[in-house]
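Pasted below: protein_25.txt, compact mmCIF, C-alpha atoms.
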# COMPACT_ATOMS: atom_id res chain seq x y z
CA MET U 1 107.50 125.73 24.18
CA LYS U 2 110.38 123.42 25.01
CA HIS U 3 111.40 124.65 28.45
CA GLU U 4 111.32 121.86 31.04
CA MET U 5 109.18 123.91 33.42
CA MET U 6 106.28 123.63 30.96
CA ASP U 7 106.23 119.80 30.99
CA GLY U 8 102.78 118.57 32.04
CA ILE U 9 101.52 122.12 32.62
CA GLN U 10 97.89 122.78 31.69
CA ALA U 11 97.56 126.23 33.28
CA VAL U 12 99.83 129.17 34.04
CA ILE U 13 98.86 131.52 36.87
CA PHE U 14 100.46 134.94 37.21
CA ASP U 15 100.81 137.22 40.12
CA LEU U 16 100.27 140.73 38.74
CA ASP U 17 102.62 143.34 40.20
CA GLY U 18 106.26 142.49 39.54
CA SER U 19 105.46 139.26 37.70
CA LEU U 20 103.17 140.22 34.81
CA VAL U 21 103.67 144.00 34.86
CA ASP U 22 106.70 145.99 36.04
CA SER U 23 104.91 147.94 38.76
CA MET U 24 106.32 147.09 42.17
CA TRP U 25 108.33 150.32 42.26
CA MET U 26 105.25 152.48 42.09
CA TRP U 27 103.55 151.26 45.25
CA LYS U 28 106.29 152.69 47.45
CA ALA U 29 105.92 155.99 45.59
CA ILE U 30 102.16 155.91 46.19
CA ASP U 31 102.64 155.11 49.89
CA ILE U 32 105.02 158.06 50.28
CA GLU U 33 102.63 160.43 48.50
CA TYR U 34 99.52 159.15 50.29
CA LEU U 35 100.97 159.22 53.82
CA GLY U 36 102.49 162.62 53.04
CA ARG U 37 98.98 164.02 52.64
CA PHE U 38 98.54 163.43 56.35
CA GLY U 39 102.02 164.57 57.33
CA ILE U 40 103.12 160.99 58.02
CA PRO U 41 106.65 159.91 56.98
CA LEU U 42 107.04 156.50 55.33
CA PRO U 43 108.22 153.88 57.87
CA GLU U 44 111.31 152.07 56.56
CA ASP U 45 109.78 148.65 57.20
CA LEU U 46 106.32 149.37 55.75
CA GLN U 47 106.80 147.42 52.51
CA SER U 48 107.97 144.32 54.35
CA LYS U 49 105.02 144.58 56.76
CA ILE U 50 102.33 144.71 54.05
CA GLU U 51 103.97 142.37 51.51
CA GLY U 52 101.46 139.77 50.29
CA MET U 53 98.44 141.46 51.92
CA SER U 54 95.27 141.93 49.92
CA PHE U 55 94.09 145.42 48.96
CA GLN U 56 91.51 145.27 51.77
CA GLU U 57 94.04 143.98 54.33
CA THR U 58 96.51 146.72 53.40
CA ALA U 59 93.88 149.43 53.80
CA ALA U 60 92.94 147.99 57.19
CA TYR U 61 96.62 147.97 58.20
CA PHE U 62 96.96 151.66 57.27
CA LYS U 63 93.79 152.55 59.17
CA GLU U 64 95.00 150.69 62.27
CA HIS U 65 98.62 151.87 62.29
CA PHE U 66 98.42 155.48 61.05
CA PRO U 67 96.31 158.46 62.13
CA ILE U 68 94.23 158.53 58.94
CA PRO U 69 90.72 159.98 59.46
CA ASP U 70 89.23 158.58 56.23
CA PRO U 71 87.13 155.37 56.22
CA LEU U 72 88.48 152.22 54.52
CA GLU U 73 86.45 152.74 51.35
CA LYS U 74 87.84 156.25 50.89
CA ILE U 75 91.40 154.98 51.43
CA LYS U 76 90.92 152.34 48.73
CA GLU U 77 89.27 154.81 46.35
CA ASP U 78 92.21 157.19 46.71
CA TRP U 79 94.73 154.39 46.11
CA ASN U 80 92.84 153.18 43.05
CA ARG U 81 92.84 156.70 41.61
CA MET U 82 96.55 157.26 42.32
CA ALA U 83 97.57 153.85 41.00
CA TRP U 84 95.42 153.97 37.89
CA ASP U 85 97.22 157.01 36.51
CA LYS U 86 100.59 155.30 36.95
CA TYR U 87 99.37 151.97 35.55
CA ALA U 88 97.95 153.68 32.48
CA ASN U 89 101.01 155.80 31.72
CA GLU U 90 104.14 154.46 33.42
CA VAL U 91 103.88 150.68 33.89
CA PRO U 92 105.06 148.30 31.12
CA LEU U 93 104.59 144.56 30.82
CA LYS U 94 107.49 142.46 32.08
CA PRO U 95 110.01 141.73 29.28
CA GLY U 96 108.90 138.94 26.94
CA ILE U 97 105.33 138.67 28.26
CA PRO U 98 103.48 139.25 24.93
CA GLY U 99 105.31 136.43 23.16
CA PHE U 100 104.90 134.07 26.10
CA LEU U 101 101.15 134.69 26.34
CA ASP U 102 100.80 134.09 22.60
CA ALA U 103 102.72 130.81 22.91
CA CYS U 104 100.50 129.64 25.77
CA ALA U 105 97.38 130.51 23.77
CA ARG U 106 98.68 128.58 20.73
CA GLU U 107 99.35 125.50 22.82
CA GLY U 108 96.05 125.55 24.68
CA ILE U 109 97.54 126.39 28.07
CA LEU U 110 94.97 128.19 30.23
CA LEU U 111 95.93 131.48 31.85
CA GLY U 112 94.88 133.04 35.14
CA ILE U 113 95.81 135.95 37.42
CA ALA U 114 96.06 135.75 41.22
CA THR U 115 96.71 139.21 42.63
CA SER U 116 96.61 141.00 45.96
CA ASN U 117 95.59 144.13 44.06
CA SER U 118 92.04 145.46 43.65
CA ARG U 119 89.74 144.07 40.94
CA GLU U 120 89.18 147.54 39.54
CA LEU U 121 92.90 147.99 38.94
CA VAL U 122 93.59 144.54 37.54
CA GLU U 123 90.68 144.84 35.09
CA ASN U 124 91.94 148.25 33.97
CA ILE U 125 95.51 146.98 33.54
CA ALA U 126 94.31 144.04 31.48
CA ALA U 127 92.35 146.43 29.26
CA VAL U 128 95.25 148.88 28.76
CA HIS U 129 97.65 146.13 27.69
CA GLY U 130 95.11 144.14 25.65
CA LEU U 131 95.29 141.13 27.98
CA LYS U 132 91.63 140.41 28.65
CA ASN U 133 91.24 137.78 25.95
CA TYR U 134 94.18 135.77 27.29
CA PHE U 135 92.98 135.22 30.85
CA SER U 136 90.12 132.87 31.66
CA CYS U 137 90.13 133.52 35.41
CA ILE U 138 91.15 136.56 37.47
CA MET U 139 91.03 136.45 41.27
CA THR U 140 91.98 139.14 43.78
CA GLY U 141 92.91 138.88 47.42
CA CYS U 142 89.47 140.20 48.30
CA ASP U 143 87.89 137.10 46.71
CA VAL U 144 89.45 134.70 49.23
CA GLU U 145 89.65 134.46 53.00
CA ARG U 146 93.43 134.56 53.46
CA GLY U 147 96.11 136.49 51.59
CA LYS U 148 99.50 135.18 50.47
CA PRO U 149 101.47 133.18 51.70
CA ALA U 150 98.28 131.17 52.28
CA PRO U 151 97.44 129.13 49.16
CA ASP U 152 93.81 130.28 48.95
CA ILE U 153 94.05 132.56 45.91
CA TYR U 154 96.05 130.11 43.80
CA LEU U 155 93.72 127.25 44.64
CA ALA U 156 90.75 129.47 43.74
CA VAL U 157 92.21 130.31 40.32
CA ALA U 158 93.04 126.65 39.63
CA GLU U 159 89.46 125.72 40.49
CA GLY U 160 88.18 128.52 38.26
CA LEU U 161 90.28 127.20 35.39
CA GLY U 162 89.29 123.59 36.09
CA VAL U 163 92.90 122.44 36.44
CA LYS U 164 94.46 120.39 39.25
CA PRO U 165 97.08 122.26 41.31
CA GLU U 166 99.85 119.85 40.28
CA ASN U 167 99.26 120.82 36.64
CA CYS U 168 99.61 124.56 37.33
CA LEU U 169 102.71 126.73 37.02
CA VAL U 170 102.88 129.96 39.04
CA PHE U 171 104.96 133.05 38.23
CA GLU U 172 105.76 135.14 41.32
CA ASP U 173 108.21 137.87 42.25
CA ILE U 174 108.03 138.08 46.06
CA VAL U 175 108.67 135.54 48.81
CA PRO U 176 105.11 135.36 50.26
CA GLY U 177 103.76 134.78 46.74
CA ILE U 178 106.26 132.01 46.02
CA GLN U 179 105.29 130.41 49.32
CA ALA U 180 101.60 130.70 48.40
CA GLY U 181 102.17 128.85 45.12
CA ARG U 182 104.21 126.14 46.82
CA ASN U 183 101.62 125.84 49.60
CA ALA U 184 99.00 125.28 46.88
CA GLY U 185 100.98 122.29 45.57
CA MET U 186 101.94 124.04 42.34
CA ARG U 187 105.26 124.46 40.58
CA VAL U 188 106.60 127.99 41.01
CA CYS U 189 108.91 130.08 38.86
CA ALA U 190 110.38 133.15 40.56
CA VAL U 191 110.64 136.26 38.39
CA GLU U 192 113.50 138.76 38.61
CA ASP U 193 112.35 142.16 39.85
CA ALA U 194 114.38 145.12 41.06
CA TYR U 195 112.03 145.67 44.00
CA SER U 196 112.92 142.27 45.50
CA ALA U 197 116.61 142.26 44.50
CA LEU U 198 117.70 141.79 48.12
CA GLN U 199 115.58 138.62 48.29
CA ARG U 200 117.02 137.13 45.10
CA GLU U 201 118.83 134.18 46.69
CA HIS U 202 115.92 133.46 49.03
CA LYS U 203 113.59 133.44 46.01
CA ARG U 204 115.91 131.05 44.15
CA ARG U 205 115.93 128.63 47.07
CA LEU U 206 112.15 128.67 47.51
CA ALA U 207 111.13 128.40 43.85
CA ASP U 208 111.43 125.52 41.40
CA TYR U 209 112.76 127.84 38.69
CA TYR U 210 114.07 131.39 38.33
CA ILE U 211 113.95 133.64 35.26
CA GLN U 212 115.29 137.07 34.37
CA ASP U 213 112.60 137.58 31.70
CA PHE U 214 110.10 135.60 29.62
CA TYR U 215 111.99 135.60 26.32
CA GLY U 216 113.75 132.31 27.01
CA LEU U 217 110.50 130.39 27.56
CA VAL U 218 109.31 130.68 23.96
CA SER U 219 110.85 128.27 21.48
Go through the file and emit its structure as structure tokens.
Amino acid sequence: MKHEMMDGIQAVIFDLDGSLVDSMWMWKAIDIEYLGRFGIPLPEDLQSKIEGMSFQETAAYFKEHFPIPDPLEKIKEDWNRMAWDKYANEVPLKPGIPGFLDACAREGILLGIATSNSRELVENIAAVHGLKNYFSCIMTGCDVERGKPAPDIYLAVAEGLGVKPENCLVFEDIVPGIQAGRNAGMRVCAVEDAYSALQREHKRRLADYYIQDFYGLVS
């Protein structure tokens, strides 16, 4: 790989939704369906309120802010079930990902995932797309104390991979995630995603690099 962003990089760490898989769209659909079960309309600002939160933090937010009688574990179980069907049947990898992962593997660049999603879902997604053998370390927001934009999850993955933060490159699609990577002392490449189209210029300013897809990173 000849792209300048790969110079000196020993590990690449992906956010999951919107960066590795094209799935950000589905979470709004799930929120609408889930809240609708309780006769609750979707607040217009909900996505911005929960952006970057871990799976656990999001469930706690729903429990606190909406009249949902179910306990936290039941909320998370329902979300996992609803999301899994969509992940298995409707969510593709981001364009160019297979070739980029192969190139990293050939060049000995370690790969990790740092996601706010649940471990159950990320493990299932990795299995569906045949990704398990590529990634040496997978961390979820529930594995660390603070969610994005705090650097905790990226630092945890770097430690798991045995690579210094300055030798890691992060791929992120939302502003809190980009901030998390920068706060961890890593280089960050923002990824184009329709969900965050309105934040495009903000993402460009925050990140070291910006890509439309992963095709251009493979020589």
* To do: Excluding Arg204 (chain U) and any residue of its chain fewer than 3 positions from it, enumerate the residues within 12 Å of it, using all atoms listed in the file, and give them as a PyMOL selection string.
  => chain U and resi 172-175+178-179+188-192+196-201+207-212
At what distance in Å, to one decimal, does CA of Leu111 (chain U) lie from CA of Ile138 (chain U)?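 Taking CA of Ile138 (chain U) as the start and CA of Leu111 (chain U) as the end point, the length is 9.0 Å.
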Do a neighbour search on Val163 (chain U) at 9 Å with all atoms listed in the file, toss out local chain neighbours closer than 5 positions, and write the hits as a PyMOL selection string. chain U and resi 10-11+110+157-158+168
**Report entry** Nearby residues (only C-alpha atoms) at most 10 Å from Leu155 (chain U), same-chain spacing under 6 positions excluded, as number ranges by chain
**Finding:** U: 114, 144, 161, 163-165, 168, 180-181, 183-186
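Our summary of the geometry notes that CA of Val218 (chain U) is positioned 16.6 Å from CA of Ile13 (chain U).
Taking all atoms listed in the file, the non-local environment of Val91 (chain U) within 6 Å (same-chain residues fewer than 2 positions away omitted) comprises Asp22, Ser23 and Tyr87 of chain U.
The shortest atom-to-atom distance to Gln56 (chain U), with only C-alpha atoms taken into account, belongs to U:Arg146 out of U:Arg37, U:His202, U:Arg81, U:Arg146.
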- Message: Set the distance at 12 Å and use only C-alpha atoms: which residues neighbour Lys76 (chain U) once local chain neighbours fewer than 5 positions away are removed? I'd like the list as a PyMOL selection string.
- Response: chain U and resi 34+54-63+70-71+81-84+117-121
Can you spit out the residues from that selection as a JSON list (two decimals), keeping the file's coordinate frame, using C-alpha atoms?
[["chain", "number", "residue", "atom", "x", "y", "z"],
["U", 34, "TYR", "CA", 99.52, 159.15, 50.29],
["U", 54, "SER", "CA", 95.27, 141.93, 49.92],
["U", 55, "PHE", "CA", 94.09, 145.42, 48.96],
["U", 56, "GLN", "CA", 91.51, 145.27, 51.77],
["U", 57, "GLU", "CA", 94.04, 143.98, 54.33],
["U", 58, "THR", "CA", 96.51, 146.72, 53.40],
["U", 59, "ALA", "CA", 93.88, 149.43, 53.80],
["U", 60, "ALA", "CA", 92.94, 147.99, 57.19],
["U", 61, "TYR", "CA", 96.62, 147.97, 58.20],
["U", 62, "PHE", "CA", 96.96, 151.66, 57.27],
["U", 63, "LYS", "CA", 93.79, 152.55, 59.17],
["U", 70, "ASP", "CA", 89.23, 158.58, 56.23],
["U", 71, "PRO", "CA", 87.13, 155.37, 56.22],
["U", 81, "ARG", "CA", 92.84, 156.70, 41.61],
["U", 82, "MET", "CA", 96.55, 157.26, 42.32],
["U", 83, "ALA", "CA", 97.57, 153.85, 41.00],
["U", 84, "TRP", "CA", 95.42, 153.97, 37.89],
["U", 117, "ASN", "CA", 95.59, 144.13, 44.06],
["U", 118, "SER", "CA", 92.04, 145.46, 43.65],
["U", 119, "ARG", "CA", 89.74, 144.07, 40.94],
["U", 120, "GLU", "CA", 89.18, 147.54, 39.54],
["U", 121, "LEU", "CA", 92.90, 147.99, 38.94]]
